[in-house]
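Text of final_5.pdb, listed as PDB, C-alpha atoms:
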MODEL        1
ATOM      1  CA  MET A 448      20.687  80.827   1.056
ATOM      2  CA  ALA A 449      22.598  77.576   0.480
ATOM      3  CA  GLU A 450      22.141  74.676   2.901
ATOM      4  CA  ALA A 451      25.143  73.662   4.994
ATOM      5  CA  VAL A 452      26.775  70.448   3.841
ATOM      6  CA  LEU A 453      27.181  67.907   6.607
ATOM      7  CA  ARG A 454      30.748  66.799   7.128
ATOM      8  CA  GLN A 455      31.302  63.097   6.529
ATOM      9  CA  ALA A 456      32.640  61.225   9.552
ATOM     10  CA  THR A 457      36.221  60.002   9.249
ATOM     11  CA  TYR A 458      38.128  57.131  10.761
ATOM     12  CA  ALA A 459      39.829  59.673  13.058
ATOM     13  CA  ASP A 460      36.362  60.554  14.401
ATOM     14  CA  LEU A 461      35.746  56.889  15.090
ATOM     15  CA  GLU A 462      39.101  56.459  16.861
ATOM     16  CA  ALA A 463      38.353  59.459  19.106
ATOM     17  CA  VAL A 464      35.231  57.820  20.577
ATOM     18  CA  PRO A 465      35.719  56.705  24.216
ATOM     19  CA  ALA A 466      36.476  52.994  24.636
ATOM     20  CA  HIS A 467      33.271  52.317  26.594
ATOM     21  CA  LEU A 468      31.213  52.970  23.434
ATOM     22  CA  VAL A 469      30.858  51.027  20.190
ATOM     23  CA  ALA A 470      31.446  53.342  17.220
ATOM     24  CA  GLU A 471      30.425  52.823  13.600
ATOM     25  CA  ILE A 472      30.342  54.984  10.478
ATOM     26  CA  ILE A 473      27.090  54.443   8.622
ATOM     27  CA  ASP A 474      26.170  56.508   5.572
ATOM     28  CA  GLY A 475      28.917  58.949   6.534
ATOM     29  CA  VAL A 476      27.513  59.507  10.025
ATOM     30  CA  LEU A 477      29.337  58.547  13.217
ATOM     31  CA  GLU A 478      26.995  56.342  15.257
ATOM     32  CA  THR A 479      27.805  55.416  18.838
ATOM     33  CA  HIS A 480      26.055  53.245  21.387
ATOM     34  CA  PRO A 481      26.941  51.665  24.720
ATOM     35  CA  ARG A 482      28.684  48.311  24.964
ATOM     36  CA  PRO A 483      26.206  45.424  25.112
ATOM     37  CA  ARG A 484      24.373  44.663  28.343
ATOM     38  CA  PRO A 485      24.996  41.237  29.934
ATOM     39  CA  ARG A 486      21.851  39.618  28.419
ATOM     40  CA  HIS A 487      22.967  40.775  24.966
ATOM     41  CA  ALA A 488      26.574  39.633  25.463
ATOM     42  CA  MET A 489      25.497  36.246  26.854
ATOM     43  CA  ALA A 490      23.208  35.624  23.880
ATOM     44  CA  ALA A 491      26.085  36.345  21.459
ATOM     45  CA  SER A 492      28.482  34.177  23.464
ATOM     46  CA  ASP A 493      25.986  31.314  23.761
ATOM     47  CA  LEU A 494      25.180  31.430  20.045
ATOM     48  CA  SER A 495      28.890  31.256  19.230
ATOM     49  CA  THR A 496      29.263  28.349  21.657
ATOM     50  CA  VAL A 497      26.326  26.467  20.099
ATOM     51  CA  LEU A 498      27.480  26.994  16.494
ATOM     52  CA  GLY A 499      31.232  26.583  17.010
ATOM     53  CA  PRO A 500      31.642  22.819  17.577
ATOM     54  CA  PRO A 501      29.537  21.590  14.630
ATOM     55  CA  PHE A 502      30.169  24.388  12.150
ATOM     56  CA  ARG A 503      33.701  25.540  12.925
ATOM     57  CA  HIS A 504      35.322  22.369  14.222
ATOM     58  CA  GLY A 505      33.163  19.744  12.471
ATOM     59  CA  ARG A 506      32.214  18.031  15.767
ATOM     60  CA  GLY A 507      28.774  16.600  15.068
ATOM     61  CA  GLY A 508      28.358  18.837  12.017
ATOM     62  CA  PRO A 509      29.871  19.792   8.662
ATOM     63  CA  GLY A 510      32.552  22.240   9.889
ATOM     64  CA  GLY A 511      34.104  24.685   7.463
ATOM     65  CA  TRP A 512      33.235  28.063   9.050
ATOM     66  CA  ILE A 513      35.270  30.802  10.754
ATOM     67  CA  PHE A 514      33.385  32.746  13.470
ATOM     68  CA  MET A 515      34.202  36.107  15.004
ATOM     69  CA  VAL A 516      32.564  38.215  17.732
ATOM     70  CA  GLU A 517      32.274  41.992  17.165
ATOM     71  CA  PRO A 518      34.760  42.429  14.309
ATOM     72  CA  GLU A 519      35.277  45.823  12.755
ATOM     73  CA  LEU A 520      34.123  45.422   9.162
ATOM     74  CA  HIS A 521      34.862  47.958   6.432
ATOM     75  CA  LEU A 522      32.130  47.455   3.852
ATOM     76  CA  GLY A 523      32.725  50.108   1.223
ATOM     77  CA  ALA A 524      32.513  53.505   2.945
ATOM     78  CA  HIS A 525      30.789  51.988   5.994
ATOM     79  CA  VAL A 526      32.481  50.831   9.209
ATOM     80  CA  VAL A 527      30.220  48.438  11.109
ATOM     81  CA  VAL A 528      30.643  46.239  14.169
ATOM     82  CA  PRO A 529      28.173  43.326  13.979
ATOM     83  CA  ASP A 530      27.682  41.186  17.066
ATOM     84  CA  LEU A 531      28.638  37.876  15.447
ATOM     85  CA  VAL A 532      29.779  36.943  11.932
ATOM     86  CA  ALA A 533      31.032  33.915  10.038
ATOM     87  CA  TRP A 534      32.859  33.207   6.790
ATOM     88  CA  ARG A 535      32.943  29.951   4.885
ATOM     89  CA  ARG A 536      36.483  28.671   5.422
ATOM     90  CA  GLU A 537      37.250  28.454   1.689
ATOM     91  CA  ARG A 538      36.710  32.231   1.416
ATOM     92  CA  VAL A 539      39.341  32.936   4.092
ATOM     93  CA  PRO A 540      42.662  31.764   2.616
ATOM     94  CA  THR A 541      44.787  33.241   5.413
ATOM     95  CA  GLU A 542      44.298  34.580   8.914
ATOM     96  CA  PHE A 543      43.109  38.170   9.160
ATOM     97  CA  ASP A 544      45.994  40.269  10.467
ATOM     98  CA  ALA A 545      44.707  43.859  10.213
ATOM     99  CA  ALA A 546      42.700  45.628  12.922
ATOM    100  CA  TYR A 547      39.704  45.607  10.583
ATOM    101  CA  ILE A 548      38.349  43.280   7.913
ATOM    102  CA  GLU A 549      37.243  44.227   4.405
ATOM    103  CA  ALA A 550      36.025  40.790   3.264
ATOM    104  CA  PRO A 551      32.240  40.644   3.760
ATOM    105  CA  PRO A 552      31.210  37.641   5.855
ATOM    106  CA  ASP A 553      28.772  35.017   4.615
ATOM    107  CA  TRP A 554      26.548  35.338   7.710
ATOM    108  CA  VAL A 555      25.840  38.121  10.211
ATOM    109  CA  CYS A 556      23.912  37.993  13.464
ATOM    110  CA  GLU A 557      22.843  41.175  15.203
ATOM    111  CA  ILE A 558      21.648  40.959  18.802
ATOM    112  CA  LEU A 559      18.897  43.555  19.107
ATOM    113  CA  SER A 560      18.839  46.011  21.994
ATOM    114  CA  PRO A 561      17.046  49.309  22.575
ATOM    115  CA  SER A 562      20.172  51.292  21.633
ATOM    116  CA  THR A 563      20.822  49.399  18.365
ATOM    117  CA  ILE A 564      17.504  48.111  17.024
ATOM    118  CA  ARG A 565      16.949  51.143  14.777
ATOM    119  CA  LEU A 566      20.306  50.673  13.043
ATOM    120  CA  ASP A 567      20.220  46.855  13.005
ATOM    121  CA  ARG A 568      16.774  46.653  11.393
ATOM    122  CA  GLY A 569      17.336  49.665   9.155
ATOM    123  CA  ARG A 570      20.534  51.001   7.679
ATOM    124  CA  LYS A 571      22.849  48.163   8.734
ATOM    125  CA  ARG A 572      20.493  45.599   7.211
ATOM    126  CA  ARG A 573      20.626  47.579   3.947
ATOM    127  CA  ILE A 574      24.432  47.746   4.106
ATOM    128  CA  TYR A 575      24.666  43.973   4.602
ATOM    129  CA  ALA A 576      22.486  43.443   1.527
ATOM    130  CA  GLU A 577      24.624  45.850  -0.525
ATOM    131  CA  ALA A 578      27.730  43.893   0.579
ATOM    132  CA  GLU A 579      26.001  40.701  -0.674
ATOM    133  CA  ILE A 580      26.161  38.924   2.684
ATOM    134  CA  GLY A 581      24.077  35.791   2.158
ATOM    135  CA  TYR A 582      22.407  35.404   5.545
ATOM    136  CA  LEU A 583      21.294  37.670   8.379
ATOM    137  CA  TRP A 584      19.924  36.655  11.758
ATOM    138  CA  LEU A 585      18.309  39.171  14.105
ATOM    139  CA  LEU A 586      18.126  37.894  17.681
ATOM    140  CA  ASP A 587      16.001  39.724  20.255
ATOM    141  CA  PRO A 588      16.892  38.306  23.696
ATOM    142  CA  ALA A 589      14.284  40.427  25.514
ATOM    143  CA  ALA A 590      11.440  39.100  23.331
ATOM    144  CA  GLY A 591      12.961  35.624  22.913
ATOM    145  CA  VAL A 592      12.707  35.786  19.117
ATOM    146  CA  LEU A 593      15.140  34.962  16.306
ATOM    147  CA  GLU A 594      14.454  36.022  12.715
ATOM    148  CA  GLY A 595      16.419  34.428   9.882
ATOM    149  CA  PHE A 596      16.813  36.114   6.496
ATOM    150  CA  ALA A 597      18.440  35.069   3.211
ATOM    151  CA  LEU A 598      19.523  37.464   0.485
ATOM    152  CA  ALA A 599      17.715  36.924  -2.826
ATOM    153  CA  ASP A 600      18.161  39.321  -5.741
ATOM    154  CA  GLY A 601      19.567  41.980  -3.419
ATOM    155  CA  ARG A 602      16.616  41.837  -0.998
ATOM    156  CA  TRP A 603      16.160  40.151   2.373
ATOM    157  CA  VAL A 604      13.660  37.302   2.417
ATOM    158  CA  LEU A 605      12.355  36.212   5.822
ATOM    159  CA  LEU A 606      12.975  32.471   6.147
ATOM    160  CA  ALA A 607      11.455  31.985   9.599
ATOM    161  CA  THR A 608      10.736  33.554  12.946
ATOM    162  CA  ILE A 609      11.676  31.283  15.849
ATOM    163  CA  GLN A 610      10.277  31.894  19.346
ATOM    164  CA  ARG A 611      11.052  30.643  22.841
ATOM    165  CA  GLY A 612      10.339  26.939  23.148
ATOM    166  CA  GLU A 613      11.077  26.287  19.459
ATOM    167  CA  THR A 614      14.032  24.744  17.657
ATOM    168  CA  VAL A 615      16.386  26.759  15.453
ATOM    169  CA  ALA A 616      17.090  25.163  12.067
ATOM    170  CA  LEU A 617      17.922  28.188   9.916
ATOM    171  CA  PRO A 618      20.299  28.404   6.964
ATOM    172  CA  PRO A 619      23.200  28.464   6.743
ATOM    173  CA  PHE A 620      23.376  26.503  10.025
ATOM    174  CA  ASP A 621      20.348  24.258   9.611
ATOM    175  CA  ALA A 622      22.357  20.996   9.529
ATOM    176  CA  VAL A 623      22.498  20.911  13.353
ATOM    177  CA  PRO A 624      19.314  22.297  14.961
ATOM    178  CA  PHE A 625      19.363  23.618  18.551
ATOM    179  CA  PRO A 626      16.775  24.900  21.035
ATOM    180  CA  LEU A 627      16.417  28.690  20.941
ATOM    181  CA  ASP A 628      16.071  28.594  24.734
ATOM    182  CA  ASP A 629      19.779  27.624  24.940
ATOM    183  CA  LEU A 630      20.540  31.309  24.256
ATOM    184  CA  PHE A 631      18.652  32.568  27.326
ATOM    185  CA  PRO A 632      20.297  30.891  30.360
ATOM    186  CA  PHE A 633      18.543  32.985  33.018
ATOM    187  CA  ASP A 634      15.018  32.691  31.653
ATOM    188  CA  ASP A 635      12.804  30.249  33.504
ATOM    189  CA  PRO A 636      11.963  27.261  31.339
ATOM    190  CA  ALA A 637       8.293  26.621  30.747
ATOM    191  CA  ALA A 638       6.769  24.833  33.691
ATOM    192  CA  PRO A 639       6.197  21.146  32.945
ATOM    193  CA  ALA A 640       2.615  20.152  32.342
ATOM    194  CA  GLN A 641       0.926  18.644  35.381
ATOM    195  CA  PRO A 642      -0.751  15.278  34.862
ATOM    196  CA  GLU A 643      -4.512  15.352  34.987
ATOM    197  CA  THR A 644      -6.048  13.652  37.998
TER     198      THR A 644
ENDMDL
END

Would you write out, as structure tokens, the structure that this file holds?
Amino acid sequence: MAEAVLRQATYADLEAVPAHLVAEIIDGVLETHPRPRPRHAMAASDLSTVLGPPFRHGRGGPGGWIFMVEPELHLGAHVVVPDLVAWRRERVPTEFDAAYIEAPPDWVCEILSPSTIRLDRGRKRRIYAEAEIGYLWLLDPAAGVLEGFALADGRWVLLATIQRGETVALPPFDAVPFPLDDLFPFDDPAAPAQPET
């Protein structure tokens, strides 16, 4: 008896998903997950706020980048919605005017959550490598950890793992370091050391 062939998800399937869910097509499968929780959304917003002045506008940094939050990217047959992306300005000759973008970004940041970690660390990471995106950051707000990767010969190389209390100086945004704790506004800062008596 022949095995049933799974039907490949279509863009119409994606459009039919209720608005309160994020929908992606990965390896022909429709994947849905809830919109980000506040901690997740704040981390993405804060990271954009930290990187924007020096890297987009050139205020205290080199400038030359275009940032976008949750764009719909069409990377080959895949439709993905990363949390935060950026393109080097010279690769974006005109403003994007379609509802989706086919030009792979130069940098992607995924904010990890229980509903997305499997995809972000697995198939989406592979898709980003296949699309030759140069840099990938994986930020876990619950654990207070940021991992930075660079693409080398089609494979992700871990550059560093930054934890709470440490400074972020990861390519491609290493020209202007910032405290990782800036991305977690509701976490209590470490208690100051008490002088010995």

I need the residue set behind the PyMOL selection byres ((chain A and resi 572) around 12) for this file; please write it as a PDB file with C-alpha atoms, keeping the file's coordinate frame.
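Result file follows (expr-v7.pdb):
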ATOM      1  CA  ILE A 473      27.090  54.443   8.622  1.00  0.00           C
ATOM      2  CA  VAL A 527      30.220  48.438  11.109  1.00  0.00           C
ATOM      3  CA  PRO A 529      28.173  43.326  13.979  1.00  0.00           C
ATOM      4  CA  TRP A 554      26.548  35.338   7.710  1.00  0.00           C
ATOM      5  CA  VAL A 555      25.840  38.121  10.211  1.00  0.00           C
ATOM      6  CA  CYS A 556      23.912  37.993  13.464  1.00  0.00           C
ATOM      7  CA  GLU A 557      22.843  41.175  15.203  1.00  0.00           C
ATOM      8  CA  THR A 563      20.822  49.399  18.365  1.00  0.00           C
ATOM      9  CA  ILE A 564      17.504  48.111  17.024  1.00  0.00           C
ATOM     10  CA  ARG A 565      16.949  51.143  14.777  1.00  0.00           C
ATOM     11  CA  LEU A 566      20.306  50.673  13.043  1.00  0.00           C
ATOM     12  CA  ASP A 567      20.220  46.855  13.005  1.00  0.00           C
ATOM     13  CA  ARG A 568      16.774  46.653  11.393  1.00  0.00           C
ATOM     14  CA  GLY A 569      17.336  49.665   9.155  1.00  0.00           C
ATOM     15  CA  ARG A 570      20.534  51.001   7.679  1.00  0.00           C
ATOM     16  CA  LYS A 571      22.849  48.163   8.734  1.00  0.00           C
ATOM     17  CA  ARG A 573      20.626  47.579   3.947  1.00  0.00           C
ATOM     18  CA  ILE A 574      24.432  47.746   4.106  1.00  0.00           C
ATOM     19  CA  TYR A 575      24.666  43.973   4.602  1.00  0.00           C
ATOM     20  CA  ALA A 576      22.486  43.443   1.527  1.00  0.00           C
ATOM     21  CA  GLU A 577      24.624  45.850  -0.525  1.00  0.00           C
ATOM     22  CA  ALA A 578      27.730  43.893   0.579  1.00  0.00           C
ATOM     23  CA  GLU A 579      26.001  40.701  -0.674  1.00  0.00           C
ATOM     24  CA  ILE A 580      26.161  38.924   2.684  1.00  0.00           C
ATOM     25  CA  GLY A 581      24.077  35.791   2.158  1.00  0.00           C
ATOM     26  CA  TYR A 582      22.407  35.404   5.545  1.00  0.00           C
ATOM     27  CA  LEU A 583      21.294  37.670   8.379  1.00  0.00           C
ATOM     28  CA  TRP A 584      19.924  36.655  11.758  1.00  0.00           C
ATOM     29  CA  LEU A 585      18.309  39.171  14.105  1.00  0.00           C
ATOM     30  CA  PHE A 596      16.813  36.114   6.496  1.00  0.00           C
ATOM     31  CA  ALA A 597      18.440  35.069   3.211  1.00  0.00           C
ATOM     32  CA  LEU A 598      19.523  37.464   0.485  1.00  0.00           C
ATOM     33  CA  GLY A 601      19.567  41.980  -3.419  1.00  0.00           C
ATOM     34  CA  ARG A 602      16.616  41.837  -0.998  1.00  0.00           C
ATOM     35  CA  TRP A 603      16.160  40.151   2.373  1.00  0.00           C
ATOM     36  CA  VAL A 604      13.660  37.302   2.417  1.00  0.00           C
TER      37      VAL A 604
END

Suppose you want the space between CA of Pro465 (chain A) and CA of Pro485 (chain A); what is it in Å?
19.7 Å

On this structure, which residues satisfy the PyMOL selection byres ((chain A and resi 454-463) around 7), written as a PyMOL selection string?
chain A and resi 452-453+464-465+470-472+475-477

Interatomic distance, CA of Trp534 (chain A) to CA of Pro551 (chain A) (Å, one decimal)
8.1 Å

With distances taken over all atoms listed in the file, which of A:Thr496, A:Asp474, A:Gly511, A:Asp553 is nearest to His525 (chain A)?
A:Asp474

What is the distance, in Å and to one decimal place, between CA of Thr614 (chain A) and CA of Leu630 (chain A)?
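Value for the CA of Thr614 (chain A)-CA of Leu630 (chain A) distance: 11.4 Å.
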
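Distances from A:Ala533, A:Gly612, A:Ala607, A:Gly523 to Phe502 (chain A) were compared using only C-alpha atoms, and the smallest one belongs to A:Ala533.
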
Evaluate the PyMOL selection byres ((chain A and resi 548) around 8) and report residues as a list in words:
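On this input, the PyMOL selection byres ((chain A and resi 548) around 8) captures Pro518, Glu519, Leu520, His521, Phe543, Ala545, Ala546, Tyr547, Glu549, Ala550 and Pro551 of chain A.
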
Selection: 10 Å around Ala616 (chain A), all atoms listed in the file, excl. self and same-chain fewer than 5 positions, as a VMD selection string
chain A and resid 595 607 609 621 to 627

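For the choices A:Val497, A:Ala466, A:Leu605, A:Ala491, the atom-to-atom distance to Leu559 (chain A) is smallest for A:Ala491 when using only C-alpha atoms.
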
Go through A:Arg482, A:Asp530, A:Arg536, A:Pro552 and flag the residue nearest His504 (chain A), using only C-alpha atoms for the distances.
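Under the stated criterion, the closest residue is A:Arg536.
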
With only C-alpha atoms as the atoms that count, which of A:Ala490, A:Val469, A:Ala599, A:Leu498 lies nearest to Phe631 (chain A)?
A:Ala490
